[in-house]
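Asks: Provided herewith: query17.cif, mmCIF, C-alpha atoms and all ligand atoms.
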```cif
data_structure
loop_
_atom_site.label_atom_id
_atom_site.label_comp_id
_atom_site.auth_asym_id
_atom_site.auth_seq_id
_atom_site.Cartn_x
_atom_site.Cartn_y
_atom_site.Cartn_z
CA MET I 7 9.81 25.73 -28.70
CA TYR I 8 8.10 22.36 -29.01
CA LEU I 9 7.77 21.93 -25.24
CA ARG I 10 5.48 24.75 -24.16
CA GLU I 11 3.77 25.88 -21.02
CA PHE I 12 0.15 24.82 -21.30
CA ASP I 13 -1.86 27.99 -21.39
CA PRO I 14 -5.10 27.59 -23.29
CA TRP I 15 -5.68 31.24 -24.04
CA LYS I 16 -5.62 32.05 -20.30
CA SER I 17 -9.25 30.98 -20.15
CA GLU I 18 -10.88 31.36 -16.74
CA LEU I 19 -12.71 28.11 -17.45
CA CYS I 20 -9.49 26.10 -17.63
CA THR I 21 -8.51 24.63 -14.26
CA CYS I 22 -5.56 22.55 -15.49
CA PRO I 23 -2.61 22.40 -13.09
CA SER I 24 0.58 24.11 -14.15
CA LYS I 25 2.08 21.87 -16.83
CA TYR I 26 3.96 21.68 -20.10
CA SER I 27 2.44 20.47 -23.30
CA LEU I 28 4.06 18.57 -26.12
CA ASN I 29 2.39 17.52 -29.36
CA PRO I 30 4.78 15.05 -31.00
CA TYR I 31 2.84 15.39 -34.27
CA THR I 32 1.10 18.29 -35.98
CA GLY I 33 -2.48 17.47 -36.88
CA CYS I 34 -4.33 14.24 -36.32
CA SER I 35 -5.72 11.62 -38.66
CA HIS I 36 -8.53 10.32 -36.43
CA GLY I 37 -10.96 12.75 -38.08
CA CYS I 38 -13.29 13.32 -35.12
CA VAL I 39 -16.38 15.33 -36.05
CA TYR I 40 -16.24 17.31 -32.81
CA CYS I 41 -12.50 18.12 -32.91
CA TYR I 42 -11.71 21.63 -31.63
CA ALA I 43 -8.09 21.79 -32.77
CA SER I 44 -9.12 21.84 -36.43
CA SER I 45 -10.45 25.36 -35.89
CA TYR I 46 -7.01 26.85 -35.28
CA ILE I 47 -4.51 24.53 -37.02
CA LYS I 48 -4.37 24.48 -40.82
CA ASN I 49 -4.90 21.13 -42.60
CA PHE I 50 -5.45 19.63 -39.20
CA PHE I 51 -6.62 16.22 -40.36
CA LYS I 52 -3.40 15.69 -42.30
CA CYS I 53 -1.09 14.36 -39.62
CA ARG I 54 2.59 15.19 -40.07
CA THR I 55 5.91 15.05 -38.23
CA LYS I 56 7.73 18.03 -36.72
CA PRO I 57 11.15 18.90 -38.11
CA GLY I 58 13.99 18.03 -35.72
CA LEU I 59 11.63 17.29 -32.82
CA ILE I 60 13.79 14.82 -30.91
CA GLU I 61 16.99 16.86 -31.09
CA LYS I 62 15.18 20.03 -30.06
CA LEU I 63 13.37 18.27 -27.24
CA LYS I 64 16.67 17.01 -25.82
CA ARG I 65 17.79 20.65 -25.55
CA GLU I 66 14.48 22.08 -24.34
CA ILE I 67 14.00 19.52 -21.57
CA LYS I 68 17.16 20.76 -19.83
CA ARG I 69 15.49 24.15 -19.30
CA ILE I 70 12.63 22.84 -17.17
CA HIS I 71 12.59 21.49 -13.62
CA GLN I 72 12.73 17.78 -12.92
CA ASP I 73 9.35 16.44 -11.83
CA SER I 74 7.50 18.93 -14.06
CA LEU I 75 4.22 17.67 -15.43
CA ILE I 76 4.19 17.13 -19.19
CA SER I 77 0.98 16.44 -21.00
CA LEU I 78 0.92 14.81 -24.41
CA SER I 79 -1.02 15.62 -26.28
CA ASN I 80 -3.41 18.48 -25.77
CA THR I 81 -3.90 19.38 -29.41
CA SER I 82 -3.35 16.15 -31.34
CA ASP I 83 -3.16 12.43 -30.58
CA PRO I 84 0.40 11.32 -29.66
CA TYR I 85 -0.31 7.89 -31.18
CA PRO I 86 -1.43 8.40 -34.79
CA PRO I 87 -1.00 5.33 -37.05
CA MET I 88 2.39 6.57 -38.33
CA GLU I 89 3.76 6.36 -34.77
CA ALA I 90 3.78 2.56 -35.14
CA ASN I 91 6.70 2.88 -37.58
CA LEU I 92 8.28 6.14 -36.52
CA GLY I 93 8.36 5.70 -32.74
CA ILE I 94 8.64 9.46 -32.17
CA THR I 95 6.35 9.53 -29.13
CA ARG I 96 8.24 6.55 -27.73
CA GLN I 97 11.52 8.46 -28.01
CA CYS I 98 9.90 11.46 -26.26
CA LEU I 99 8.88 9.19 -23.37
CA GLU I 100 12.44 7.91 -23.07
CA ILE I 101 13.70 11.48 -22.85
CA PHE I 102 11.10 12.38 -20.21
CA GLY I 103 12.04 9.29 -18.21
CA LYS I 104 15.72 10.23 -18.22
CA HIS I 105 14.86 13.66 -16.84
CA TYR I 106 12.44 12.38 -14.17
CA MET I 107 9.39 14.19 -15.53
CA ARG I 108 5.78 13.32 -14.74
CA VAL I 109 3.94 12.36 -17.91
CA LEU I 110 0.22 12.46 -18.64
CA ILE I 111 -0.88 10.80 -21.88
CA ILE I 112 -4.16 11.60 -23.61
CA THR I 113 -4.99 9.36 -26.55
CA LYS I 114 -7.60 7.34 -28.41
CA SER I 115 -5.10 4.79 -29.66
CA SER I 116 -4.33 1.29 -28.48
CA LEU I 117 -0.78 1.84 -29.73
CA VAL I 118 -0.07 3.38 -26.32
CA CYS I 119 0.11 -0.19 -24.95
CA ARG I 120 3.29 -0.76 -26.95
CA ASP I 121 5.01 1.71 -24.60
CA ARG I 122 3.88 0.22 -21.31
CA ASP I 123 7.44 -0.99 -20.65
CA ILE I 124 8.53 2.66 -20.47
CA LEU I 125 5.37 4.01 -18.86
CA LYS I 126 5.47 1.65 -15.91
CA ASN I 127 9.03 2.69 -15.12
CA ILE I 128 8.43 6.45 -15.18
CA LYS I 129 5.98 8.68 -13.31
CA SER I 130 3.03 8.48 -15.66
CA ALA I 131 -0.72 8.11 -16.13
CA VAL I 132 -2.71 7.40 -19.28
CA THR I 133 -6.15 8.79 -20.05
CA ILE I 134 -8.03 7.31 -22.99
CA THR I 135 -10.99 8.99 -24.62
CA VAL I 136 -14.17 7.01 -25.25
CA THR I 137 -17.29 8.96 -26.18
CA THR I 138 -19.57 6.37 -27.72
CA LEU I 139 -19.94 2.71 -28.57
CA LYS I 140 -22.81 3.26 -31.01
CA PHE I 141 -21.68 6.11 -33.23
CA ALA I 142 -17.89 5.83 -33.28
CA ASP I 143 -17.71 4.97 -36.99
CA LYS I 144 -19.37 8.28 -37.82
CA LEU I 145 -18.17 10.42 -34.94
CA GLU I 146 -14.49 9.31 -34.83
CA PRO I 147 -14.20 7.60 -38.22
CA PHE I 148 -10.46 6.88 -38.32
CA ALA I 149 -9.73 6.36 -34.62
CA PRO I 150 -9.30 2.84 -33.18
CA PRO I 151 -12.66 1.28 -32.24
CA PRO I 152 -13.91 1.97 -28.69
CA LEU I 153 -13.70 -1.67 -27.61
CA GLU I 154 -10.03 -1.68 -28.51
CA ARG I 155 -9.59 1.43 -26.35
CA PHE I 156 -11.26 -0.28 -23.38
CA LYS I 157 -8.94 -3.23 -23.88
CA SER I 158 -5.99 -0.84 -23.75
CA LEU I 159 -7.24 0.66 -20.50
CA GLU I 160 -7.45 -2.82 -19.06
CA GLU I 161 -3.97 -3.81 -20.25
CA LEU I 162 -2.39 -0.65 -18.89
CA SER I 163 -4.22 -0.89 -15.56
CA LYS I 164 -3.10 -4.50 -15.20
CA ALA I 165 0.47 -3.38 -15.88
CA GLY I 166 0.17 -1.06 -12.87
CA ILE I 167 -0.06 2.17 -14.87
CA PRO I 168 -2.69 4.58 -13.48
CA THR I 169 -5.47 5.11 -16.00
CA GLY I 170 -8.40 7.43 -16.51
CA LEU I 171 -11.24 7.92 -18.95
CA ARG I 172 -11.96 11.07 -20.90
CA LEU I 173 -15.68 11.11 -21.59
CA ASP I 174 -15.32 14.10 -23.82
CA PRO I 175 -17.45 15.36 -25.43
CA ILE I 176 -21.02 14.46 -24.64
CA ILE I 177 -23.30 15.67 -27.42
CA PRO I 178 -26.94 16.19 -26.39
CA LEU I 179 -29.41 13.67 -27.81
CA LEU I 180 -26.53 11.63 -29.29
CA ASN I 181 -24.20 9.91 -26.85
CA GLU I 182 -25.83 11.25 -23.67
CA GLU I 183 -27.65 7.97 -23.11
CA GLU I 184 -24.38 6.02 -23.23
CA ILE I 185 -22.80 7.81 -20.27
CA GLU I 186 -23.63 5.17 -17.68
CA SER I 187 -22.63 2.17 -19.77
CA ILE I 188 -19.32 3.75 -20.81
CA LEU I 189 -18.50 4.65 -17.19
CA LYS I 190 -19.27 1.13 -15.99
CA MET I 191 -17.17 -0.47 -18.73
CA ALA I 192 -14.27 1.84 -17.97
CA LYS I 193 -14.53 1.07 -14.27
CA ASP I 194 -14.32 -2.64 -15.09
CA CYS I 195 -11.09 -1.89 -16.96
CA GLY I 196 -9.49 -0.55 -13.78
CA ILE I 197 -9.60 3.23 -14.28
CA GLY I 198 -9.43 5.61 -11.31
CA HIS I 199 -10.63 8.91 -12.71
CA VAL I 200 -13.04 10.46 -15.23
CA THR I 201 -12.67 13.78 -17.03
CA PHE I 202 -15.99 14.83 -18.48
CA SER I 203 -16.97 17.55 -20.93
CA SER I 204 -19.98 18.67 -22.93
CA PHE I 205 -19.72 19.39 -26.65
CA LYS I 206 -18.86 23.03 -27.32
CA PRO I 207 -19.04 23.52 -31.05
CA ARG I 208 -16.98 25.99 -32.99
CA LEU I 209 -17.82 27.01 -36.51
CA ASP I 210 -16.01 24.18 -38.27
CA SER I 211 -16.97 21.36 -35.87
CA TRP I 212 -20.60 22.50 -36.14
CA GLN I 213 -20.41 22.34 -39.94
CA ARG I 214 -19.06 18.79 -39.72
CA LEU I 215 -21.75 17.75 -37.27
CA LYS I 216 -24.41 19.15 -39.62
CA ARG I 217 -22.97 17.16 -42.49
CA VAL I 218 -22.62 13.86 -40.62
CA PHE I 219 -25.70 14.07 -38.36
CA PRO I 220 -28.17 16.35 -40.21
CA ASP I 221 -31.28 15.36 -38.21
CA LEU I 222 -29.56 15.60 -34.87
CA SER I 223 -27.99 18.96 -35.65
CA ARG I 224 -31.40 20.39 -36.60
CA LYS I 225 -32.74 19.31 -33.21
CA ILE I 226 -29.90 20.65 -31.10
CA GLU I 227 -29.22 23.84 -33.07
CA PRO I 228 -31.55 25.97 -30.92
CA MET I 229 -30.10 24.47 -27.74
CA TYR I 230 -26.77 26.02 -28.66
CA PHE I 231 -27.45 29.03 -30.82
CA LYS I 232 -30.69 30.32 -29.28
CA GLU I 233 -30.73 29.14 -25.69
CA GLY I 234 -26.98 28.65 -25.19
CA THR I 235 -24.13 31.14 -24.87
CA LYS I 236 -20.92 31.87 -26.71
CA LYS I 237 -17.70 31.82 -24.69
CA SER I 238 -14.51 32.65 -26.58
CA ASN I 239 -14.98 30.92 -29.93
CA ALA I 240 -17.19 28.10 -28.70
CA TRP I 241 -20.90 27.70 -28.12
CA TYR I 242 -22.10 26.30 -24.80
CA LEU I 243 -25.41 24.70 -23.87
CA LYS I 244 -27.23 26.77 -21.30
CA ASP I 245 -25.93 26.38 -17.76
CA GLU I 246 -28.89 24.43 -16.33
CA VAL I 247 -28.72 21.84 -19.13
CA ARG I 248 -24.97 21.36 -18.82
CA LYS I 249 -25.10 21.25 -15.06
CA SER I 250 -27.74 18.56 -15.02
CA ILE I 251 -25.79 16.34 -17.49
CA ILE I 252 -22.56 16.83 -15.51
CA LEU I 253 -24.26 16.18 -12.18
CA SER I 254 -25.74 12.91 -13.36
CA ALA I 255 -22.29 11.76 -14.59
CA ARG I 256 -20.74 12.78 -11.26
CA GLN I 257 -23.34 10.76 -9.36
CA ILE I 258 -22.60 7.67 -11.42
CA CYS I 259 -18.87 8.16 -10.80
CA ASP I 260 -19.52 8.47 -7.05
CA SER I 261 -21.44 5.21 -7.10
CA LEU I 262 -18.52 3.55 -8.89
CA SER I 263 -15.90 5.12 -6.57
CA LEU I 264 -14.25 7.02 -9.41
CA THR I 265 -12.90 10.53 -9.00
CA PHE I 266 -14.59 13.02 -11.31
CA SER I 267 -13.93 16.39 -12.87
CA SER I 268 -15.35 18.35 -15.74
CA CYS I 269 -13.29 20.20 -18.33
CA ARG I 270 -13.91 23.90 -19.00
CA GLU I 271 -17.46 23.88 -17.72
CA GLY I 272 -17.15 26.26 -14.76
CA PHE I 273 -18.96 24.03 -12.24
CA TYR I 274 -15.99 23.54 -9.95
CA GLU I 275 -18.23 22.43 -7.08
CA LEU I 276 -19.11 19.28 -9.03
CA ASN I 277 -15.50 18.07 -9.19
CA SER I 278 -14.37 15.44 -6.72
CA ALA I 279 -10.76 15.13 -7.91
CA SER I 280 -7.78 17.29 -7.05
CA SER I 281 -6.95 17.69 -10.75
CA CYS I 282 -9.25 18.12 -13.72
CA ASP I 283 -7.00 16.33 -16.20
CA GLY I 284 -6.26 13.16 -14.23
CA SER I 285 -2.68 14.18 -13.34
CA HIS I 286 -3.40 13.45 -9.65
CA LEU I 287 -3.25 9.77 -10.65
CA ILE I 288 0.51 10.00 -11.24
S1 LIG I 301 -8.31 12.43 -31.61
FE1 LIG I 301 -8.45 14.46 -30.70
S2 LIG I 301 -7.05 15.72 -31.92
FE2 LIG I 301 -7.45 13.85 -33.11
S3 LIG I 301 -9.14 14.42 -34.46
FE3 LIG I 301 -10.00 13.46 -32.61
S4 LIG I 301 -10.49 15.18 -31.25
FE4 LIG I 301 -9.07 15.97 -32.85
#
```
Using structure tokens, write down the structure from this file.

Replies:
Amino acid sequence: MYLREFDPWKSELCTCPSKYSLNPYTGCSHGCVYCYASSYIKNFFKCRTKPGLIEKLKREIKRIHQDSLISLSNTSDPYPPMEANLGITRQCLEIFGKHYMRVLIITKSSLVCRDRDILKNIKSAVTITVTTLKFADKLEPFAPPPLERFKSLEELSKAGIPTGLRLDPIIPLLNEEEIESILKMAKDCGIGHVTFSSFKPRLDSWQRLKRVFPDLSRKIEPMYFKEGTKKSNAWYLKDEVRKSIILSARQICDSLSLTFSSCREGFYELNSASSCDGSHLI
């Protein structure tokens, strides 16, 4: 099955609404240092197509209720560079539209704007991830530049498509100081919601961070591995530290009249939105 119920290991920390997940591609070429999916998918940074995806999807979609929520993508970006020629994600959107599904897009790519003609005619929302303006070339080396992503948010919002920002992840002592400026820029682009998350390294993302940011990783190593805690396969900053970062982001969102939620943090009382993933925007 390509279209699967979203069930991230039945984690108590996941508050996502009931939804289906589709990854039109396997792997992702954006090469983000902090990527979590690389820890459980082989050759993750080598993006590739899925055999027979469109034909299988046409069959699978008939087995789920109209108006179901479908999220793409939770594990990879639905708009890798090869999508510009292949149009696989675009064909998926057409199928979802025909079956009256609700569609939530999560991407870092401005290519999503190509599909605004479809998106504005179906029940959809687009969330775009921006984590930094200063360190993107090192942190997300092959993803479209952050300013291009802001421009996409603006274009989509102007087209009447509900948009949100994923400020995910915030890495202590790195992009923490950019939180306010990123939120303000996103607000100016017309977004309605923010999904926020702290960095939760796994073994391989920590190794990458050490390689790319050696000084920073030395400084924050004790914050994770001495003072923090391990939950499933990820390391968390200690609760007080995470809570204070999340609270300050929530306060900025309140002042900008943006709904706010955090992803897999466990501080449900700090959420102001009825969904954590931005699906309430649809
Ligand atoms: S865009 Fe997402 S899936 Fe792709 S490398 Fe970055 S974090 Fe991983």

Asks: Considering only C-alpha atoms and all ligand atoms, state which residue in the set I:Asp73, I:Asp123, I:Asp174, I:Glu233 is at the smallest distance from ligand LIG 301 (chain I).

Replies: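 Looking only at the distances to ligand LIG 301 (chain I), the closest residue turns out to be I:Asp174.
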
Asks: Within 9 Å of segment 47-59 of chain I, counting all atoms listed in the file, which residues qualify if same-chain residues fewer than 6 places away don't, as a VMD selection string?

Replies: chain I and resid 8 30 to 38 82 86 88 94 98

Asks: Kindly indicate which residue among I:Leu276, I:Leu179, I:Leu75, I:Cys259 lies nearest to Ser24 of chain I, using all atoms listed in the file for the distances.

Replies: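 Checking each candidate against Ser24 of chain I, we get I:Leu75 as the closest.
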
Asks: Taking 3 positions as the minimum chain separation for residues in the same chain, which residues sit within 10 Å of Arg248 of chain I when counting all atoms listed in the file? Answer as a PyMOL selection string.

Replies: chain I and resi 176+178+203-205+234+242-245+251-253+271+273

Asks: What does the structure give for the distance between atom CA of Phe219 of chain I and atom CA of Lys144 of chain I, in Å to one decimal?

Replies: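 Result for atom CA of Phe219 of chain I versus atom CA of Lys144 of chain I: 8.6 Å, one decimal.
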
Asks: Atom CA of Ala192 of chain I and atom FE4 of ligand LIG 301 (chain I) are how many Å apart?

Replies: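 These atoms are spaced 21.2 Å apart.
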
Asks: Edge lengths and centre in Å to one decimal, as JSON, of the axis-aligned box that encloses all listed atoms of segment 66-81 of chain I with 3 Å added on every side?

Replies:
```
{"center_x": 6.6, "center_y": 19.5, "center_z": -20.6, "size_x": 27.1, "size_y": 15.3, "size_z": 23.6}
```

Asks: Smallest atom-to-atom distance to Ile70 of chain I: which of I:Ile128, I:Leu9, I:Ile167, I:Ile111, using only C-alpha atoms?

Replies: I:Leu9

Asks: Under the rule that all atoms listed in the file are counted, which of I:Trp241, I:Tyr26, I:Tyr106, I:Tyr46 is the nearest residue to ligand LIG 301 (chain I)?

Replies: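 Checking each of I:Trp241, I:Tyr26, I:Tyr106, I:Tyr46 against ligand LIG 301 (chain I), counting all atoms listed in the file, the winner is I:Tyr46.
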
Asks: Taking the partial coordinates given, rebuild segment 147-160 of chain I to contain N, CA and C atoms; return it as a PDB file, in the coordinates of the input.

Replies:
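Below you can see result07.pdb, which holds the result:
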```
ATOM      1  N   PRO I 147     -14.269   8.620 -37.176  1.00  0.00           N
ATOM      2  CA  PRO I 147     -14.200   7.600 -38.220  1.00  0.00           C
ATOM      3  C   PRO I 147     -12.872   6.875 -38.373  1.00  0.00           C
ATOM      4  N   PHE I 148     -11.759   7.531 -38.064  1.00  0.00           N
ATOM      5  CA  PHE I 148     -10.460   6.880 -38.320  1.00  0.00           C
ATOM      6  C   PHE I 148      -9.703   6.567 -37.032  1.00  0.00           C
ATOM      7  N   ALA I 149     -10.384   6.690 -35.899  1.00  0.00           N
ATOM      8  CA  ALA I 149      -9.730   6.360 -34.620  1.00  0.00           C
ATOM      9  C   ALA I 149      -9.935   4.859 -34.348  1.00  0.00           C
ATOM     10  N   PRO I 150      -9.087   4.247 -33.544  1.00  0.00           N
ATOM     11  CA  PRO I 150      -9.300   2.840 -33.180  1.00  0.00           C
ATOM     12  C   PRO I 150     -10.672   2.644 -32.537  1.00  0.00           C
ATOM     13  N   PRO I 151     -11.312   1.490 -32.769  1.00  0.00           N
ATOM     14  CA  PRO I 151     -12.660   1.280 -32.240  1.00  0.00           C
ATOM     15  C   PRO I 151     -12.691   1.345 -30.702  1.00  0.00           C
ATOM     16  N   PRO I 152     -13.819   1.797 -30.147  1.00  0.00           N
ATOM     17  CA  PRO I 152     -13.910   1.970 -28.690  1.00  0.00           C
ATOM     18  C   PRO I 152     -13.592   0.709 -27.894  1.00  0.00           C
ATOM     19  N   LEU I 153     -13.977  -0.455 -28.394  1.00  0.00           N
ATOM     20  CA  LEU I 153     -13.700  -1.670 -27.610  1.00  0.00           C
ATOM     21  C   LEU I 153     -12.201  -1.917 -27.494  1.00  0.00           C
ATOM     22  N   GLU I 154     -11.482  -1.551 -28.549  1.00  0.00           N
ATOM     23  CA  GLU I 154     -10.030  -1.680 -28.510  1.00  0.00           C
ATOM     24  C   GLU I 154      -9.455  -0.714 -27.458  1.00  0.00           C
ATOM     25  N   ARG I 155     -10.077   0.448 -27.341  1.00  0.00           N
ATOM     26  CA  ARG I 155      -9.590   1.430 -26.350  1.00  0.00           C
ATOM     27  C   ARG I 155      -9.835   0.926 -24.920  1.00  0.00           C
ATOM     28  N   PHE I 156     -11.003   0.305 -24.715  1.00  0.00           N
ATOM     29  CA  PHE I 156     -11.260  -0.280 -23.380  1.00  0.00           C
ATOM     30  C   PHE I 156     -10.231  -1.353 -23.067  1.00  0.00           C
ATOM     31  N   LYS I 157      -9.925  -2.167 -24.091  1.00  0.00           N
ATOM     32  CA  LYS I 157      -8.940  -3.230 -23.880  1.00  0.00           C
ATOM     33  C   LYS I 157      -7.584  -2.630 -23.480  1.00  0.00           C
ATOM     34  N   SER I 158      -7.259  -1.506 -24.092  1.00  0.00           N
ATOM     35  CA  SER I 158      -5.990  -0.840 -23.750  1.00  0.00           C
ATOM     36  C   SER I 158      -6.001  -0.363 -22.308  1.00  0.00           C
ATOM     37  N   LEU I 159      -7.143   0.210 -21.892  1.00  0.00           N
ATOM     38  CA  LEU I 159      -7.240   0.660 -20.500  1.00  0.00           C
ATOM     39  C   LEU I 159      -6.999  -0.504 -19.552  1.00  0.00           C
ATOM     40  N   GLU I 160      -7.581  -1.636 -19.910  1.00  0.00           N
ATOM     41  CA  GLU I 160      -7.450  -2.820 -19.060  1.00  0.00           C
ATOM     42  C   GLU I 160      -5.988  -3.295 -19.019  1.00  0.00           C
TER      43      GLU I 160
END
```
